[in-house]
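Each remark here refers to the structure printed beneath this line.
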Amino acid sequence: MAKKILLWYRNDLRISDHEALHEAVTSGAEILPVYVDHPTDYSQYLPGNPEIPGFRRKFQLESLQNLDQQWRSWNTSLIVLPGKPEDVIPELCSKYSIDEVFLQAEKAHDESQQQRKLERNLSAIQVPWKYFYGASMIHPDDLPFDLHDLPDIFTQYRKRVEARLKIRDCFPTPTKVEVVPHQESEFVPQFPDAQLDPRCALTFQGGETEAQKRLHSYLWESDSLRNYKETRNGLIGADYSSKFSAWLANGSLSARQVFHEVKKYEASRIANDSTYWLIFELLWRDYFRLVMEKFGTDLFSLEGITARKQKQPQGLDIVKFHKWIDGKTGNRFIDANMIELKRTGFMSNRGRQNVASYFVHDLGMDWRLGAWYFEAVLLDYDVYSNWGNWAYVAGVGNDPRENRYFNTARQADMYDADGAYRKLWLD
Ligand SMILES: Cc1cc2nc3c(=O)[nH]c(=O)nc-3n(C[C@H](O)[C@H](O)[C@H](O)COP(=O)(O)OP(=O)(O)OC[C@H]3O[C@@H](n4cnc5c(N)ncnc54)[C@H](O)[C@@H]3O)c2cc1C
């Protein structure tokens, strides 16, 4: 009898370049694909109960719908159940006589706790599990150092990994998959009412199919990669940057796929500073994962990963907090960015650096509150990149400089010289 494997989907919502799926299929096992839906309630973290737009939720549901469609072509459906994974997964294991659970390893605190609880509950019913590491561009086993030797400064890390850069090949998409028959109800997404503002940089749609389209269009159709290094600090439009982040965050797209597509582009069109720079940014993404793994919950503390004593917090000022959220601080550059975020779930990297710096250094607020708000609303929320970048801007992360202050007036002059961005969102 064929072995039965439960594939627990987390932030790896795809069928291409999926090591766990590939291994399960090539072993001849029958597969039960499962997603456990447990959205976070942010009201406990955000004082004054700000409105949380439904963009990320919608994007996530679209991603699941797309994944479900892929599985339907293999004569089954994706099981989507509410609840706690550590309860739901073992229950399904017992119900369908599962032999092993495959899952992508996560490194952040809550996710690791969840893994420990799941391991305990699976041990109790004697079902083994196996972790896979497909979320980063560089496989953790290919790093040229142990985690405890991870340099605390990005440039040192980058030089060490670039000296021996090894990116594994993508795993082929299976053509034929044996499945565990199941009787769970079919997935019917309940989309939130999330009215996207027509001024949005891009109409993001969740799922692997859309992710592949965006990858293709950014590189091959619009040829935007060619000038990425010059355009990446832009504020308006679809193509000043790749906009891959939301798909990367829930794993509809893998960083490895981006890497290999860039290499193809370099071989057939052009290899220049811009093509290098996209990979460089993906190294940042990998780096923040490792930082979180190395420092654990320190990254969520006021002092972050440094021993620096903060002059903060100057208390929690709910009025200031809400003015920042609502784009009513009176600083037009900050306000335009915050309104874009609220109305679309997206903000450029330049905008994020400015609004974060303003929140911490100009408003004198506890940086973690800003990070919580971003966590709640960002379409591309990724625990590692969000908290790592916030700590960095707040001066308590991986930055040799203590005070990473952005002069927002100067930044607006440089990056929105004609005021078009401020006009777009405020007038
Ligand atoms: C305060 C703050 C919070 C942030 N929170 C997040 C977050 O929750 N999720 C997230 O994906 N990014 C976050 N970023 C990083 C960055 O702003 C976004 O990745 C980027 O703006 C997404 O747009 P893009 O895909 O067009 O990026 P591009 O410029 O096209 O970059 C390509 C990819 O490289 C990666 N990348 C680029 N810049 C960074 C960076 N600074 N740190 C880590 N990875 C990077 C992303 O995966 C991105 O999709 C944050 C930055 C700041 C300053």
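We label chains A, B, ... in the order they appear in the structure tokens, count residues from 1 in each chain, and number ligands from 1 in the order shown.
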Contacts of ligand 1, 6 Å or closer, only C-alpha atoms and all ligand atoms, given as a compact mmCIF listing (two decimals) with C-alpha atoms, in the first residue's frame:
```txt
# COMPACT_ATOMS: atom_id res chain seq x y z
CA ARG A 232 13.80 51.21 -7.54
CA SER A 241 10.21 47.97 -8.67
CA SER A 242 9.32 44.33 -9.15
CA LYS A 243 6.30 44.15 -6.78
CA PHE A 244 7.18 40.48 -6.17
CA SER A 245 7.02 40.87 -2.39
CA ALA A 249 5.62 36.47 1.33
CA LEU A 278 17.47 42.52 -7.61
CA GLU A 281 17.67 42.71 -2.43
CA LEU A 282 16.78 39.05 -2.18
CA TRP A 284 18.49 41.18 2.29
CA ARG A 285 15.32 39.13 2.46
CA SER A 348 7.23 51.61 -1.81
CA ASN A 349 10.47 50.81 -0.01
CA ARG A 352 8.41 52.64 4.20
CA GLN A 353 11.82 53.90 5.28
CA ALA A 356 9.10 54.37 9.83
CA ASP A 380 3.33 41.61 1.58
CA TYR A 381 3.71 41.24 5.34
CA ASP A 382 6.61 38.97 6.13
CA SER A 385 11.47 41.51 6.65
CA ASN A 386 8.99 43.65 8.53
CA ASN A 389 13.53 46.51 8.70
CA TRP A 390 11.68 48.31 11.47
```
Excluding same-chain residues fewer than 3 positions from Val25 in chain A, what lies within 9 Å of it counting only C-alpha atoms, as a PyMOL selection string? chain A and resi 20-22+28-31+174+176-178
Since we have the selection now, will you write its residues out, keeping N, CA and C atoms, as a short mmCIF file (atom, residue, chain, number, x, y, z; two decimals), in the first residue's frame?
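The result, stored in again.cif:
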```cif
data_model
loop_
_atom_site.label_atom_id
_atom_site.label_comp_id
_atom_site.auth_asym_id
_atom_site.auth_seq_id
_atom_site.Cartn_x
_atom_site.Cartn_y
_atom_site.Cartn_z
N ALA A 20 8.90 19.70 -0.94
CA ALA A 20 8.11 18.71 -0.20
C ALA A 20 7.17 17.97 -1.14
N LEU A 21 6.52 18.73 -2.01
CA LEU A 21 5.60 18.11 -2.97
C LEU A 21 6.38 17.19 -3.91
N HIS A 22 7.51 17.68 -4.38
CA HIS A 22 8.34 16.89 -5.30
C HIS A 22 8.77 15.58 -4.64
N GLY A 28 6.33 8.13 -4.55
CA GLY A 28 5.17 7.30 -4.89
C GLY A 28 4.05 7.38 -3.85
N ALA A 29 4.14 8.34 -2.94
CA ALA A 29 3.13 8.44 -1.88
C ALA A 29 1.83 9.05 -2.40
N GLU A 30 0.78 8.81 -1.62
CA GLU A 30 -0.48 9.53 -1.84
C GLU A 30 -0.44 10.77 -0.95
N ILE A 31 -0.99 11.86 -1.48
CA ILE A 31 -0.81 13.14 -0.77
C ILE A 31 -2.16 13.74 -0.36
N PRO A 174 5.24 18.68 -10.55
CA PRO A 174 4.79 17.31 -10.87
C PRO A 174 3.70 17.34 -11.96
N LYS A 176 1.90 14.27 -12.55
CA LYS A 176 0.90 13.32 -12.08
C LYS A 176 1.08 13.17 -10.56
N VAL A 177 -0.02 13.26 -9.85
CA VAL A 177 0.06 13.19 -8.39
C VAL A 177 -0.97 12.19 -7.87
N GLU A 178 -0.52 11.30 -7.01
CA GLU A 178 -1.46 10.37 -6.36
C GLU A 178 -1.99 11.06 -5.11
#
```
Separation of CA of Ala108 in chain A from CA of Pro144 in chain A in Å: 21.8 Å
Could you write out, as an mmCIF file with N, CA and C atoms, in the first residue's frame, all the residues of range 57-224 of chain A that DSSP marks as strand (DSSP E or B)?
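Heads up, here's the output in out17.cif:
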```
data_model
loop_
_atom_site.group_PDB
_atom_site.id
_atom_site.type_symbol
_atom_site.label_atom_id
_atom_site.label_comp_id
_atom_site.auth_asym_id
_atom_site.auth_seq_id
_atom_site.Cartn_x
_atom_site.Cartn_y
_atom_site.Cartn_z
ATOM 1 N N ILE A 79 -7.639 21.009 1.135
ATOM 2 C CA ILE A 79 -8.470 21.089 2.343
ATOM 3 C C ILE A 79 -8.114 22.379 3.067
ATOM 4 N N VAL A 80 -9.106 23.218 3.300
ATOM 5 C CA VAL A 80 -8.869 24.456 4.054
ATOM 6 C C VAL A 80 -9.771 24.413 5.278
ATOM 7 N N LEU A 81 -9.137 24.361 6.439
ATOM 8 C CA LEU A 81 -9.925 24.260 7.680
ATOM 9 C C LEU A 81 -9.527 25.356 8.654
ATOM 10 N N PRO A 82 -10.494 25.873 9.407
ATOM 11 C CA PRO A 82 -10.141 26.839 10.439
ATOM 12 C C PRO A 82 -9.597 26.103 11.659
ATOM 13 N N GLU A 100 3.024 10.258 7.386
ATOM 14 C CA GLU A 100 4.034 11.281 7.661
ATOM 15 C C GLU A 100 3.506 12.661 7.271
ATOM 16 N N VAL A 101 3.988 13.694 7.995
ATOM 17 C CA VAL A 101 3.587 15.074 7.680
ATOM 18 C C VAL A 101 4.795 15.806 7.104
ATOM 19 N N PHE A 102 4.588 16.497 5.979
ATOM 20 C CA PHE A 102 5.637 17.336 5.395
ATOM 21 C C PHE A 102 5.240 18.797 5.591
ATOM 22 N N LEU A 103 6.211 19.624 5.968
ATOM 23 C CA LEU A 103 5.897 21.038 6.169
ATOM 24 C C LEU A 103 7.129 21.904 5.954
ATOM 25 N N GLN A 104 6.859 23.160 5.608
ATOM 26 C CA GLN A 104 7.962 24.117 5.476
ATOM 27 C C GLN A 104 8.314 24.654 6.858
ATOM 28 N N TRP A 129 7.278 13.571 11.171
ATOM 29 C CA TRP A 129 7.157 14.769 10.332
ATOM 30 C C TRP A 129 8.511 15.068 9.714
ATOM 31 N N LYS A 130 8.467 15.862 8.640
ATOM 32 C CA LYS A 130 9.730 16.247 8.005
ATOM 33 C C LYS A 130 9.653 17.709 7.588
ATOM 34 N N TYR A 131 10.706 18.468 7.920
ATOM 35 C CA TYR A 131 10.757 19.886 7.558
ATOM 36 C C TYR A 131 11.471 20.088 6.218
ATOM 37 N N PHE A 132 11.020 21.126 5.501
ATOM 38 C CA PHE A 132 11.670 21.530 4.250
ATOM 39 C C PHE A 132 11.993 23.019 4.343
ATOM 40 N N VAL A 179 -3.282 10.950 -4.885
ATOM 41 C CA VAL A 179 -3.848 11.692 -3.756
ATOM 42 C C VAL A 179 -4.578 10.774 -2.774
#
```
Give me the residues near range 332-337 of chain A as a count of residues only, where near means some atom within 9 Å (using only C-alpha atoms) and where sequence neighbours in that chain fewer than 2 positions away do not count. 32
Which residues are close to range 116-120 of chain A, i.e. within 10 Å by only C-alpha atoms, leaving aside same-chain residues fewer than 5 positions away? Reply as number ranges by chain. A: 84-90, 110-111, 125-129
Could you dump the residues just selected with C-alpha atoms as a PDB file, in the first residue's frame?
```
ATOM      1  CA  LYS A  84      -5.071  25.700  15.345  1.00  0.00           C
ATOM      2  CA  PRO A  85      -2.673  23.735  13.159  1.00  0.00           C
ATOM      3  CA  GLU A  86      -1.368  21.773  16.149  1.00  0.00           C
ATOM      4  CA  ASP A  87      -4.913  20.389  16.611  1.00  0.00           C
ATOM      5  CA  VAL A  88      -6.206  20.258  13.046  1.00  0.00           C
ATOM      6  CA  ILE A  89      -3.210  18.455  11.506  1.00  0.00           C
ATOM      7  CA  PRO A  90      -3.105  15.547  14.008  1.00  0.00           C
ATOM      8  CA  ASP A 110       5.046  32.172  17.071  1.00  0.00           C
ATOM      9  CA  GLU A 111       5.569  29.858  14.138  1.00  0.00           C
ATOM     10  CA  ILE A 125      -0.147   9.617  17.798  1.00  0.00           C
ATOM     11  CA  GLN A 126       3.197   8.329  16.486  1.00  0.00           C
ATOM     12  CA  VAL A 127       3.159  10.204  13.195  1.00  0.00           C
ATOM     13  CA  PRO A 128       6.589  11.449  12.087  1.00  0.00           C
ATOM     14  CA  TRP A 129       7.157  14.769  10.332  1.00  0.00           C
TER      15      TRP A 129
END
```
Pick the closest to Ser254 in chain A from A:Ala135, A:Met338, A:Ala201, A:Leu6: which is it, counting only C-alpha atoms?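 Closest to Ser254 in chain A, using only C-alpha atoms: A:Ala135.
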Mind listing the alpha helix (DSSP H) residues of range 125-297 of chain A, per DSSP on the backbone, as a PyMOL selection string? chain A and resi 154-163+208-216+228-231+245-249+255-268+273-295
Quote the spacing between CA of His139 in chain A and CA of Gly388 in chain A in Å to one decimal place. 19.7 Å
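Residues in contact with Phe300 in chain A at up to 8 Å, not including ones fewer than 2 positions away on its chain and judged by only C-alpha atoms, are Thr297, Asp298, Leu302, Gly304, Arg368 and Trp387 of chain A.
Residue nearest Leu225 in chain A, chosen from A:Tyr276, A:Trp74, A:Gln212, A:Asp12 and counting only C-alpha atoms: A:Tyr276.
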Give the answer as one residue: which of A:Tyr228, A:Tyr133, A:Phe346, A:Tyr265 has the shortest atom-to-atom distance to Arg199 in chain A, using only C-alpha atoms? A:Phe346
Please measure the separation of CA of Ala391 in chain A and CA of Gly134 in chain A, giving the value in Å to one decimal.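 Rounded to one decimal, the two atoms are 25.1 Å apart.
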Which residues are near range 182-186 of chain A? Cut-off 10 Å, only C-alpha atoms, ignore same chain within fewer than 6 positions. Put them as a PyMOL selection string. chain A and resi 32+68+76-81+92+95-96
Kindly save the residues from that selection, with C-alpha atoms included, as a JSON list (two decimals), in the first residue's frame.
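Wrote again20.json, looks like this:
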```json
[["chain", "number", "residue", "atom", "x", "y", "z"],
["A", 32, "LEU", "CA", -3.36, 15.04, 1.33],
["A", 68, "ASP", "CA", -7.09, 24.67, -4.89],
["A", 76, "THR", "CA", -8.66, 16.29, -5.44],
["A", 77, "SER", "CA", -9.08, 19.61, -3.64],
["A", 78, "LEU", "CA", -7.08, 21.59, -1.16],
["A", 79, "ILE", "CA", -8.47, 21.09, 2.34],
["A", 80, "VAL", "CA", -8.87, 24.46, 4.05],
["A", 81, "LEU", "CA", -9.93, 24.26, 7.68],
["A", 92, "LEU", "CA", -6.60, 14.79, 9.95],
["A", 95, "LYS", "CA", -8.87, 10.43, 10.25],
["A", 96, "TYR", "CA", -7.00, 9.56, 7.04]]
```
Neighbouring residues of Asp142 in chain A were defined as those with any atom within 9 Å, considering only C-alpha atoms; residues of the same chain fewer than 6 positions away were excluded. Please report them as a short mmCIF file (atom, residue, chain, number, x, y, z; two decimals) with N, CA and C atoms, in the first residue's frame.
```cif
data_model
loop_
_atom_site.label_atom_id
_atom_site.label_comp_id
_atom_site.auth_asym_id
_atom_site.auth_seq_id
_atom_site.Cartn_x
_atom_site.Cartn_y
_atom_site.Cartn_z
N ARG A 164 30.77 32.54 -2.16
CA ARG A 164 30.49 31.12 -2.45
C ARG A 164 29.02 30.91 -2.74
N LEU A 165 28.47 31.78 -3.58
CA LEU A 165 27.02 31.76 -3.78
C LEU A 165 26.57 30.47 -4.47
N LYS A 166 25.70 29.77 -3.78
CA LYS A 166 25.14 28.56 -4.38
C LYS A 166 23.63 28.62 -4.24
N ILE A 167 22.93 28.67 -5.35
CA ILE A 167 21.47 28.65 -5.31
C ILE A 167 21.02 27.35 -5.97
N ARG A 168 20.28 26.58 -5.26
CA ARG A 168 19.88 25.28 -5.79
C ARG A 168 18.93 25.44 -6.98
#
```
